[in-house]
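Text of my_file-v8.txt (compact mmCIF, C-alpha atoms) as supplied:
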# COMPACT_ATOMS: atom_id res chain seq x y z
CA MET A 97 -38.27 82.46 117.10
CA THR A 98 -39.88 81.52 113.81
CA ASP A 99 -41.68 78.26 113.02
CA GLU A 100 -38.66 76.99 111.04
CA GLU A 101 -36.28 77.67 113.96
CA ARG A 102 -38.47 75.92 116.45
CA PRO A 103 -37.37 72.30 117.23
CA PRO A 104 -39.63 69.54 115.88
CA THR A 105 -42.40 68.35 118.12
CA PRO A 106 -42.54 64.67 119.16
CA ALA A 107 -45.45 64.20 116.75
CA GLU A 108 -43.46 65.62 113.83
CA LEU A 109 -40.46 63.43 114.67
CA SER A 110 -42.70 60.40 114.82
CA GLU A 111 -44.21 61.26 111.41
CA ALA A 112 -40.76 61.78 109.85
CA GLY A 113 -39.64 58.43 111.20
CA MET A 114 -42.67 56.72 109.75
CA LEU A 115 -42.01 58.37 106.38
CA ALA A 116 -38.40 57.20 106.36
CA ARG A 117 -39.42 53.66 107.22
CA ALA A 118 -42.13 53.68 104.58
CA LEU A 119 -39.62 54.73 101.91
CA GLU A 120 -37.26 51.97 102.94
CA GLU A 121 -39.87 49.23 103.32
CA ARG A 122 -42.24 49.89 100.35
CA SER A 123 -41.48 46.68 98.58
CA GLN A 124 -41.95 44.42 101.60
CA PRO A 125 -45.15 42.36 101.21
CA GLY A 126 -47.61 42.10 104.04
CA ARG A 127 -46.51 45.36 105.61
CA GLU A 128 -49.25 47.15 107.45
CA LEU A 129 -50.74 50.01 105.46
CA LYS A 130 -50.27 53.29 107.14
CA SER A 131 -51.54 56.78 106.50
CA VAL A 132 -48.25 57.88 104.96
CA ASP A 133 -48.70 55.29 102.23
CA ASP A 134 -51.79 57.11 101.03
CA ALA A 135 -49.83 60.32 100.71
CA LEU A 136 -47.01 58.56 98.89
CA GLY A 137 -49.42 56.80 96.52
CA ALA A 138 -51.07 60.09 95.62
CA ALA A 139 -47.68 61.64 95.00
CA TYR A 140 -46.63 58.78 92.70
CA LEU A 141 -49.88 59.00 90.78
CA LEU A 142 -49.44 62.73 90.25
CA ARG A 143 -45.89 62.30 89.07
CA ALA A 144 -46.77 59.37 86.77
CA SER A 145 -49.68 61.24 85.20
CA LYS A 146 -47.38 64.15 84.46
CA GLN A 147 -44.83 61.83 82.85
CA ALA A 148 -47.55 60.10 80.80
CA GLU A 149 -48.44 63.17 78.79
CA LEU A 150 -48.64 62.42 75.02
CA GLY A 151 -45.70 64.35 73.71
CA GLU A 152 -44.80 64.68 70.02
CA LEU A 153 -42.54 61.63 69.94
CA ARG A 154 -44.93 59.46 71.93
CA ALA A 155 -47.85 60.56 69.73
CA ARG A 156 -45.92 59.64 66.57
CA ALA A 157 -45.05 56.25 68.02
CA VAL A 158 -48.70 55.59 68.88
CA ARG A 159 -49.81 56.63 65.37
CA GLN A 160 -47.24 54.37 63.77
CA ARG A 161 -48.37 51.47 65.90
CA ILE A 162 -52.04 52.04 65.06
CA TRP A 163 -51.45 52.69 61.36
CA ARG A 164 -48.30 51.05 60.09
CA LYS A 165 -47.69 53.67 57.49
CA GLY A 166 -44.01 53.19 57.14
CA THR A 167 -44.01 49.40 56.85
CA TRP A 168 -43.61 49.42 53.04
CA PRO A 169 -40.98 51.52 51.32
CA LEU A 170 -42.25 54.34 49.16
CA TRP A 171 -41.24 52.72 45.87
CA VAL A 172 -43.17 49.56 46.78
CA ARG A 173 -46.29 51.57 47.53
CA VAL A 174 -45.96 53.52 44.26
CA ALA A 175 -45.42 50.31 42.28
CA ALA A 176 -48.38 48.62 43.96
CA ALA A 177 -50.60 51.59 43.22
CA GLY A 178 -49.49 51.55 39.58
CA LEU A 179 -50.09 47.82 39.24
CA ALA A 180 -53.45 48.19 40.92
CA GLY A 181 -54.39 50.79 38.32
CA ILE A 182 -53.27 48.50 35.51
CA ALA A 183 -55.20 45.63 37.05
CA ALA A 184 -58.34 47.74 37.32
CA ALA A 185 -57.97 48.75 33.67
CA ALA A 186 -57.49 45.11 32.70
CA VAL A 187 -60.66 44.16 34.55
CA ILE A 188 -62.60 46.88 32.76
CA LEU A 189 -61.17 45.91 29.38
CA ALA A 190 -61.93 42.24 29.98
CA VAL A 191 -65.51 42.74 31.08
CA VAL A 192 -66.77 45.67 29.02
CA PRO A 193 -67.39 44.75 25.37
CA ARG A 194 -65.31 46.88 23.05
CA GLY A 195 -66.37 48.38 19.81
CA PRO A 196 -66.20 46.11 16.80
CA ALA A 197 -62.84 45.72 15.13
CA ARG A 198 -62.27 47.64 11.92
CA LEU A 199 -62.36 44.66 9.58
CA PRO A 200 -60.41 44.82 6.34
CA PRO A 201 -62.51 45.20 3.19
CA PRO A 202 -62.50 42.08 1.05
CA GLY A 203 -60.30 42.22 -2.00
CA VAL A 204 -61.46 41.90 -5.57
CA ARG A 205 -59.84 38.49 -6.05
CA LEU A 206 -61.65 37.02 -3.03
CA LEU A 207 -65.00 38.35 -4.24
CA GLN A 208 -64.39 37.07 -7.76
CA ALA A 209 -63.55 33.66 -6.31
CA GLN A 210 -66.73 33.73 -4.20
CA LEU A 211 -68.77 34.58 -7.31
CA ALA A 212 -67.11 31.76 -9.22
CA VAL A 213 -68.18 29.11 -6.70
CA ALA A 214 -71.70 30.48 -6.17
CA ARG A 215 -73.14 28.38 -8.98
CA PRO A 216 -73.82 24.70 -9.57
CA GLY A 217 -70.91 22.39 -10.38
CA SER A 218 -68.22 24.86 -9.38
CA SER A 219 -65.74 22.47 -7.76
CA ALA A 220 -62.91 23.50 -10.08
CA GLU A 221 -62.87 27.01 -8.61
CA LEU A 222 -62.75 25.89 -5.00
CA ALA A 223 -58.96 25.76 -4.79
CA GLN A 224 -58.65 29.44 -5.75
CA LEU A 225 -61.36 30.36 -3.22
CA GLU A 226 -59.42 28.55 -0.49
CA VAL A 227 -56.27 30.51 -1.30
CA GLU A 228 -58.09 33.85 -1.29
CA THR A 229 -60.05 32.98 1.86
CA ALA A 230 -56.86 32.04 3.72
CA ALA A 231 -55.27 35.36 2.71
CA TYR A 232 -58.31 37.32 3.86
CA ARG A 233 -58.45 35.35 7.10
CA GLU A 234 -54.88 36.41 7.85
CA ARG A 235 -55.84 40.07 7.42
CA PHE A 236 -59.08 39.57 9.36
CA TYR A 237 -57.28 38.15 12.41
CA GLY A 238 -54.69 40.89 12.10
CA ALA A 239 -57.49 43.45 12.49
CA LEU A 240 -58.85 41.57 15.49
CA GLU A 241 -55.38 41.57 17.00
CA ARG A 242 -55.17 45.33 16.64
CA ALA A 243 -58.56 45.70 18.34
CA TYR A 244 -58.18 43.17 21.15
CA GLY A 245 -54.48 42.79 21.69
CA ARG A 246 -51.74 40.57 20.42
CA ARG A 247 -52.51 36.92 19.89
CA PRO A 248 -51.08 35.04 22.93
CA MET B 211 -52.45 47.69 50.64
CA ARG B 212 -54.09 44.28 50.72
CA SER B 213 -56.80 45.36 48.30
CA ALA B 214 -54.13 46.78 46.00
CA LEU B 215 -52.28 43.47 46.03
CA ALA B 216 -55.51 41.61 45.32
CA LEU B 217 -56.14 43.85 42.34
CA VAL B 218 -52.59 43.25 41.16
CA LEU B 219 -53.17 39.50 41.28
CA VAL B 220 -56.45 39.82 39.40
CA GLY B 221 -54.81 42.05 36.87
CA ALA B 222 -51.90 39.69 36.46
CA SER B 223 -54.21 36.77 35.82
CA LEU B 224 -56.13 38.82 33.31
CA GLY B 225 -53.01 40.35 31.86
CA CYS B 226 -51.72 36.91 30.99
CA GLY B 227 -54.40 37.00 28.34
CA SER B 228 -57.78 38.65 28.64
CA GLY B 229 -60.72 36.46 27.71
CA ALA B 230 -61.27 38.22 24.39
CA THR B 231 -57.62 38.14 23.36
CA ARG B 232 -57.28 34.51 24.37
CA TRP B 233 -60.44 33.50 22.53
CA ILE B 234 -59.33 35.21 19.34
CA GLY B 235 -55.85 33.72 19.70
CA ASP B 236 -57.36 30.26 20.14
CA ALA B 237 -59.48 30.72 17.04
CA TRP B 238 -56.47 31.77 15.02
CA ARG B 239 -54.43 28.80 16.24
CA ALA B 240 -57.32 26.45 15.49
CA HIS B 241 -57.36 27.70 11.89
CA ALA B 242 -53.61 27.22 11.60
CA GLU B 243 -53.84 23.69 12.99
CA ALA B 244 -56.80 22.90 10.75
CA ASP B 245 -54.71 24.06 7.77
CA ALA B 246 -51.98 21.58 8.67
CA LEU B 247 -54.47 18.77 9.30
CA GLU B 248 -56.23 19.40 6.00
CA ARG B 249 -52.91 19.35 4.16
CA SER B 250 -52.10 16.02 5.80
CA GLY B 251 -55.53 14.70 4.81
CA ASP B 252 -56.84 14.39 8.37
CA LEU B 253 -60.17 16.09 7.72
CA GLU B 254 -61.88 14.44 10.68
CA ARG B 255 -59.48 15.91 13.21
CA ALA B 256 -59.60 19.27 11.47
CA GLY B 257 -63.39 19.22 11.83
CA ASP B 258 -63.20 18.16 15.48
CA LEU B 259 -60.79 20.98 16.22
CA LEU B 260 -63.08 23.59 14.67
CA GLN B 261 -66.16 22.08 16.30
CA ASP B 262 -64.48 22.30 19.69
CA LEU B 263 -63.89 25.99 19.12
CA VAL B 264 -67.51 26.86 18.32
CA SER B 265 -68.65 24.85 21.35
CA ARG B 266 -66.75 27.05 23.77
CA PRO B 267 -68.42 29.97 25.56
CA VAL B 268 -67.60 33.33 24.04
CA PRO B 269 -66.00 35.81 26.48
CA ALA B 270 -67.93 38.95 27.33
CA GLY B 271 -65.30 41.37 26.09
CA VAL B 272 -65.74 40.68 22.36
CA ALA B 273 -68.02 42.93 20.32
CA PRO B 274 -71.07 41.05 18.99
CA GLN B 275 -70.20 41.86 15.35
CA ASP B 276 -66.76 40.36 15.81
CA VAL B 277 -68.17 37.28 17.53
CA ARG B 278 -70.47 36.79 14.57
CA ALA B 279 -67.66 37.19 12.05
CA VAL B 280 -65.27 34.84 13.86
CA LEU B 281 -67.90 32.14 14.41
CA GLN B 282 -69.41 32.41 10.91
CA ASP B 283 -65.93 32.01 9.44
CA ILE B 284 -65.42 28.87 11.55
CA TYR B 285 -68.85 27.47 10.68
CA ALA B 286 -68.13 28.06 7.00
CA ARG B 287 -64.89 26.17 7.34
CA LEU B 288 -66.64 23.36 9.22
CA ALA B 289 -69.15 23.11 6.36
CA ASP B 290 -66.35 23.05 3.82
CA VAL B 291 -64.59 20.23 5.70
CA ALA B 292 -67.87 18.30 5.93
CA LEU B 293 -68.42 18.65 2.18
CA LYS B 294 -64.89 17.42 1.52
CA ARG B 295 -65.67 14.41 3.72
CA GLY B 296 -68.81 13.73 1.68
CA LYS B 297 -71.18 14.72 4.48
CA PRO B 298 -73.50 17.39 3.02
CA ALA B 299 -76.06 17.02 5.81
CA ASP B 300 -73.38 17.91 8.36
CA ALA B 301 -72.31 20.78 6.14
CA LEU B 302 -75.89 22.06 6.02
CA HIS B 303 -76.12 21.82 9.79
CA SER B 304 -72.93 23.89 10.23
CA VAL B 305 -74.07 26.49 7.70
CA ASP B 306 -77.42 26.90 9.40
CA ALA B 307 -75.73 27.29 12.79
CA GLY B 308 -73.58 30.04 11.27
CA LEU B 309 -76.49 31.85 9.66
CA GLN B 310 -78.43 31.77 12.93
CA LEU B 311 -75.84 34.16 14.32
CA GLY B 312 -77.15 36.91 12.03
CA GLU B 313 -77.27 38.17 8.48
CA ALA B 314 -75.08 40.89 7.06
CA ARG B 315 -73.81 41.97 3.71
CA ASP B 316 -70.28 40.71 4.13
CA VAL B 317 -67.94 37.97 2.93
CA PHE B 318 -68.80 35.70 5.86
CA VAL B 319 -72.51 35.50 5.04
CA SER B 320 -71.76 35.34 1.33
CA SER B 321 -69.50 32.37 1.97
CA LEU B 322 -72.11 30.63 4.13
CA ARG B 323 -74.80 31.14 1.46
CA ALA B 324 -72.57 29.63 -1.24
CA LEU B 325 -71.72 26.70 1.03
CA ARG B 326 -75.41 26.18 1.76
CA GLY B 327 -75.98 26.03 -1.99
CA ARG B 328 -73.24 23.42 -2.37
CA ALA B 329 -74.64 21.33 0.50
CA LEU B 330 -78.18 21.48 -0.88
CA GLU B 331 -76.88 20.67 -4.35
CA ALA B 332 -75.09 17.63 -2.96
CA LEU B 333 -78.33 16.59 -1.26
CA GLY B 334 -80.19 16.85 -4.57
CA ARG B 335 -82.20 19.89 -3.54
CA ASP B 336 -81.28 21.89 -6.63
CA ALA B 337 -84.01 24.54 -6.50
CA GLU B 338 -83.11 25.49 -2.95
CA ALA B 339 -79.44 25.40 -3.90
CA ALA B 340 -80.05 27.83 -6.74
CA ARG B 341 -81.70 30.31 -4.36
CA GLU B 342 -78.73 30.11 -2.02
CA TYR B 343 -76.30 30.67 -4.89
CA GLU B 344 -78.27 33.73 -5.95
CA ALA B 345 -78.19 35.11 -2.43
CA ALA B 346 -74.43 34.56 -2.27
CA GLN B 347 -73.92 36.20 -5.67
CA ALA B 348 -75.99 39.23 -4.68
CA ILE B 349 -73.79 39.90 -1.68
CA ALA B 350 -70.52 39.18 -3.49
CA GLU B 351 -71.48 41.38 -6.46
CA ALA B 352 -72.40 44.29 -4.19
CA LEU B 353 -69.12 43.98 -2.32
CA LEU B 354 -67.22 43.65 -5.59
CA SER B 355 -68.77 46.85 -6.90
CA GLU B 356 -67.66 48.66 -3.76
CA ALA B 357 -64.18 47.18 -3.99
CA LEU B 358 -63.85 48.25 -7.63
CA VAL B 359 -65.01 51.78 -6.77
CA ASP B 360 -62.40 51.86 -4.01
CA GLY B 361 -59.95 50.77 -6.69
CA GLY B 362 -58.01 48.17 -4.74
CA VAL B 363 -57.09 44.76 -6.02
CA ARG B 364 -56.08 42.82 -2.96
Transcribe the structure of this file into structure tokens.
Amino acid sequence: MTDEERPPTPAELSEAGMLARALEERSQPGRELKSVDDALGAAYLLRASKQAELGELRARAVRQRIWRKGTWPLWVRVAAAGLAGIAAAAVILAVVPRGPARLPPPGVRLLQAQLAVARPGSSAELAQLEVETAAYRERFYGALERAYGRRP
Amino acid sequence: MRSALALVLVGASLGCGSGATRWIGDAWRAHAEADALERSGDLERAGDLLQDLVSRPVPAGVAPQDVRAVLQDIYARLADVALKRGKPADALHSVDAGLQLGEARDVFVSSLRALRGRALEALGRDAEAAREYEAAQAIAEALLSEALVDGGVR
């Protein structure tokens, strides 16, 4: 007769009964802790730790929770990066002094008008100087516009 | 992402008109408004408008040579308006403020020198006026020679 064919001993029957009761009564509060509970607890812990392994899907979920990479659509991120670049360039352009504008050379008529008023009692020539100065000023601000951007 | 958005906001505020562009635009508009005011005979308001412009801080992004040119042009116009209003002392004050920005051989300094001569002449300081006229002529003649060599009549 082998060990498996031998009938259970009274001790084994008692242990099996305790195990069955423990499985049925686990959720009852205030139940007296028995030795079989320790064995069951260890078994649950082993099984839970095996289930808690960080598989590929679980790892991806954890990464996404830590770093919300996919919150913004790709086009939004690309647009934001582009705008950030433009903004950085605007900051640089606003703060760093640029080279001087290439100012237009004065015309002959303006210089002749300036010469005409650069002498005593020259009030009669002032009107022509005003006309020539206004024309040059238009070209001057045009050059500044080309250097610094369109007049807002 | 937050820093990118912050930069976008900064850029947008700057993009609406950088300091340099806005300053130059304001100067141009002030000249246009002063033109209209002078035509309507309101010389006082034209002068106030130009004075307000030179009182403002100059943004950092404008090259010093351009700052000088813009401000000397405005100071020259302020002096001209003051002379038209019969206030040569004010004109002299504006001219001197313009010349303090620096000397150069260009139309802006030439104009200021001629205006200084007119202001001094109006104040009865003829000898000083004559020196200013000579200084203005020297610059204008040199520039005229260059312009004639270049061959352009503008």
Counting all atoms listed in the file, what is within 12 Å of Arg242 of chain A, bar same-chain residues fewer than 6 positions away, as an mmCIF file with C-alpha atoms, in the frame of the given file?
data_model
loop_
_atom_site.group_PDB
_atom_site.id
_atom_site.type_symbol
_atom_site.label_atom_id
_atom_site.label_comp_id
_atom_site.auth_asym_id
_atom_site.auth_seq_id
_atom_site.Cartn_x
_atom_site.Cartn_y
_atom_site.Cartn_z
ATOM 1 C CA PRO A 196 -66.200 46.110 16.800
ATOM 2 C CA ALA A 197 -62.840 45.720 15.130
ATOM 3 C CA ARG A 198 -62.270 47.640 11.920
ATOM 4 C CA LEU A 199 -62.360 44.660 9.580
ATOM 5 C CA PRO A 200 -60.410 44.820 6.340
ATOM 6 C CA ARG A 235 -55.840 40.070 7.420
ATOM 7 C CA PHE A 236 -59.080 39.570 9.360
ATOM 8 C CA THR B 231 -57.620 38.140 23.360
ATOM 9 C CA ILE B 234 -59.330 35.210 19.340
#
Would you pick out the contacts of segment 242-259 of chain B at 12 Å or less, using only C-alpha atoms, so that residues sharing its chain but fewer than 6 positions from it are not included, and give the list as a PyMOL selection string?
(chain A and resi 226-227+229-230+233-234+237) or (chain B and resi 235-236+265-266+284-297+300-301+304)
Atom CA of Val317 of chain B to atom CA of Glu342 of chain B, distance in Å rounded to a single decimal:
14.2 Å
To one decimal place in Å, what is the distance between atom CA of Gly203 of chain A and atom CA of Gln275 of chain B?
20.0 Å
Shortest contact to chain A, candidates B:Leu263, B:His303, B:His241, B:Leu354, atoms counted all atoms listed in the file, goes to B:Leu354
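If all atoms listed in the file are the atoms counted, then among A:Ala139, A:Ala231, A:Leu225, A:Ala186 the closest residue to chain B is A:Ala186.
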Rounded to one decimal in Å, what is the spacing between atom CA of Gln347 of chain B and atom CA of Ala214 of chain A?
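Taking atom CA of Gln347 of chain B and atom CA of Ala214 of chain A, their separation equals 6.2 Å.
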Which neighbours of Glu221 of chain A fall inside 12 Å, counting all atoms listed in the file, when residues of the same chain fewer than 6 positions from it are skipped, and could you give them as a PDB file with C-alpha atoms, in the coordinates of the input?
ATOM      1  CA  LEU A 206     -61.650  37.020  -3.030  1.00  0.00           C
ATOM      2  CA  GLN A 208     -64.390  37.070  -7.760  1.00  0.00           C
ATOM      3  CA  ALA A 209     -63.550  33.660  -6.310  1.00  0.00           C
ATOM      4  CA  GLN A 210     -66.730  33.730  -4.200  1.00  0.00           C
ATOM      5  CA  LEU A 211     -68.770  34.580  -7.310  1.00  0.00           C
ATOM      6  CA  ALA A 212     -67.110  31.760  -9.220  1.00  0.00           C
ATOM      7  CA  VAL A 213     -68.180  29.110  -6.700  1.00  0.00           C
ATOM      8  CA  ALA A 214     -71.700  30.480  -6.170  1.00  0.00           C
ATOM      9  CA  ARG A 215     -73.140  28.380  -8.980  1.00  0.00           C
ATOM     10  CA  VAL A 227     -56.270  30.510  -1.300  1.00  0.00           C
ATOM     11  CA  GLU A 228     -58.090  33.850  -1.290  1.00  0.00           C
TER      12      GLU A 228
END
Which residue out of A:Pro216, A:Ala183, A:Pro202, A:Arg156 has the minimum interatomic distance to chain B when only C-alpha atoms are used?
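Selected residue with least distance to chain B: A:Ala183.
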Taking 4 positions as the minimum chain separation for residues in the same chain, which residues sit within 8 Å of Leu330 of chain B when counting all atoms listed in the file? Answer as a PDB file with C-alpha atoms, in the frame of the given file.
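Ended up saving to around04.pdb:
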ATOM      1  CA  PRO B 298     -73.500  17.390   3.020  1.00  0.00           C
ATOM      2  CA  LEU B 302     -75.890  22.060   6.020  1.00  0.00           C
ATOM      3  CA  ARG B 326     -75.410  26.180   1.760  1.00  0.00           C
ATOM      4  CA  GLY B 334     -80.190  16.850  -4.570  1.00  0.00           C
ATOM      5  CA  ARG B 335     -82.200  19.890  -3.540  1.00  0.00           C
ATOM      6  CA  ASP B 336     -81.280  21.890  -6.630  1.00  0.00           C
ATOM      7  CA  GLU B 338     -83.110  25.490  -2.950  1.00  0.00           C
ATOM      8  CA  ALA B 339     -79.440  25.400  -3.900  1.00  0.00           C
TER       9      ALA B 339
END
Which residue, A:Ala175, A:Ala107, A:Leu142, A:Ala112, has the smallest gap to chain B when you use only C-alpha atoms?
A:Ala175
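With all atoms listed in the file as the basis for measurement, B:Asp276 is the residue among B:Asp316, B:Asp276, B:Asp262, B:Asp306 that approaches Ala239 of chain A most closely.
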Between B:Val268, B:Ala273, B:Leu333, B:Val319, single out the one closest to chain A, counting only C-alpha atoms.
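The closest residue to chain A is B:Ala273.
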Exercise: Ile349 of chain B partners within 8 Å, all atoms listed in the file, chain neighbours under 2 positions left out, as a count of residues only
10
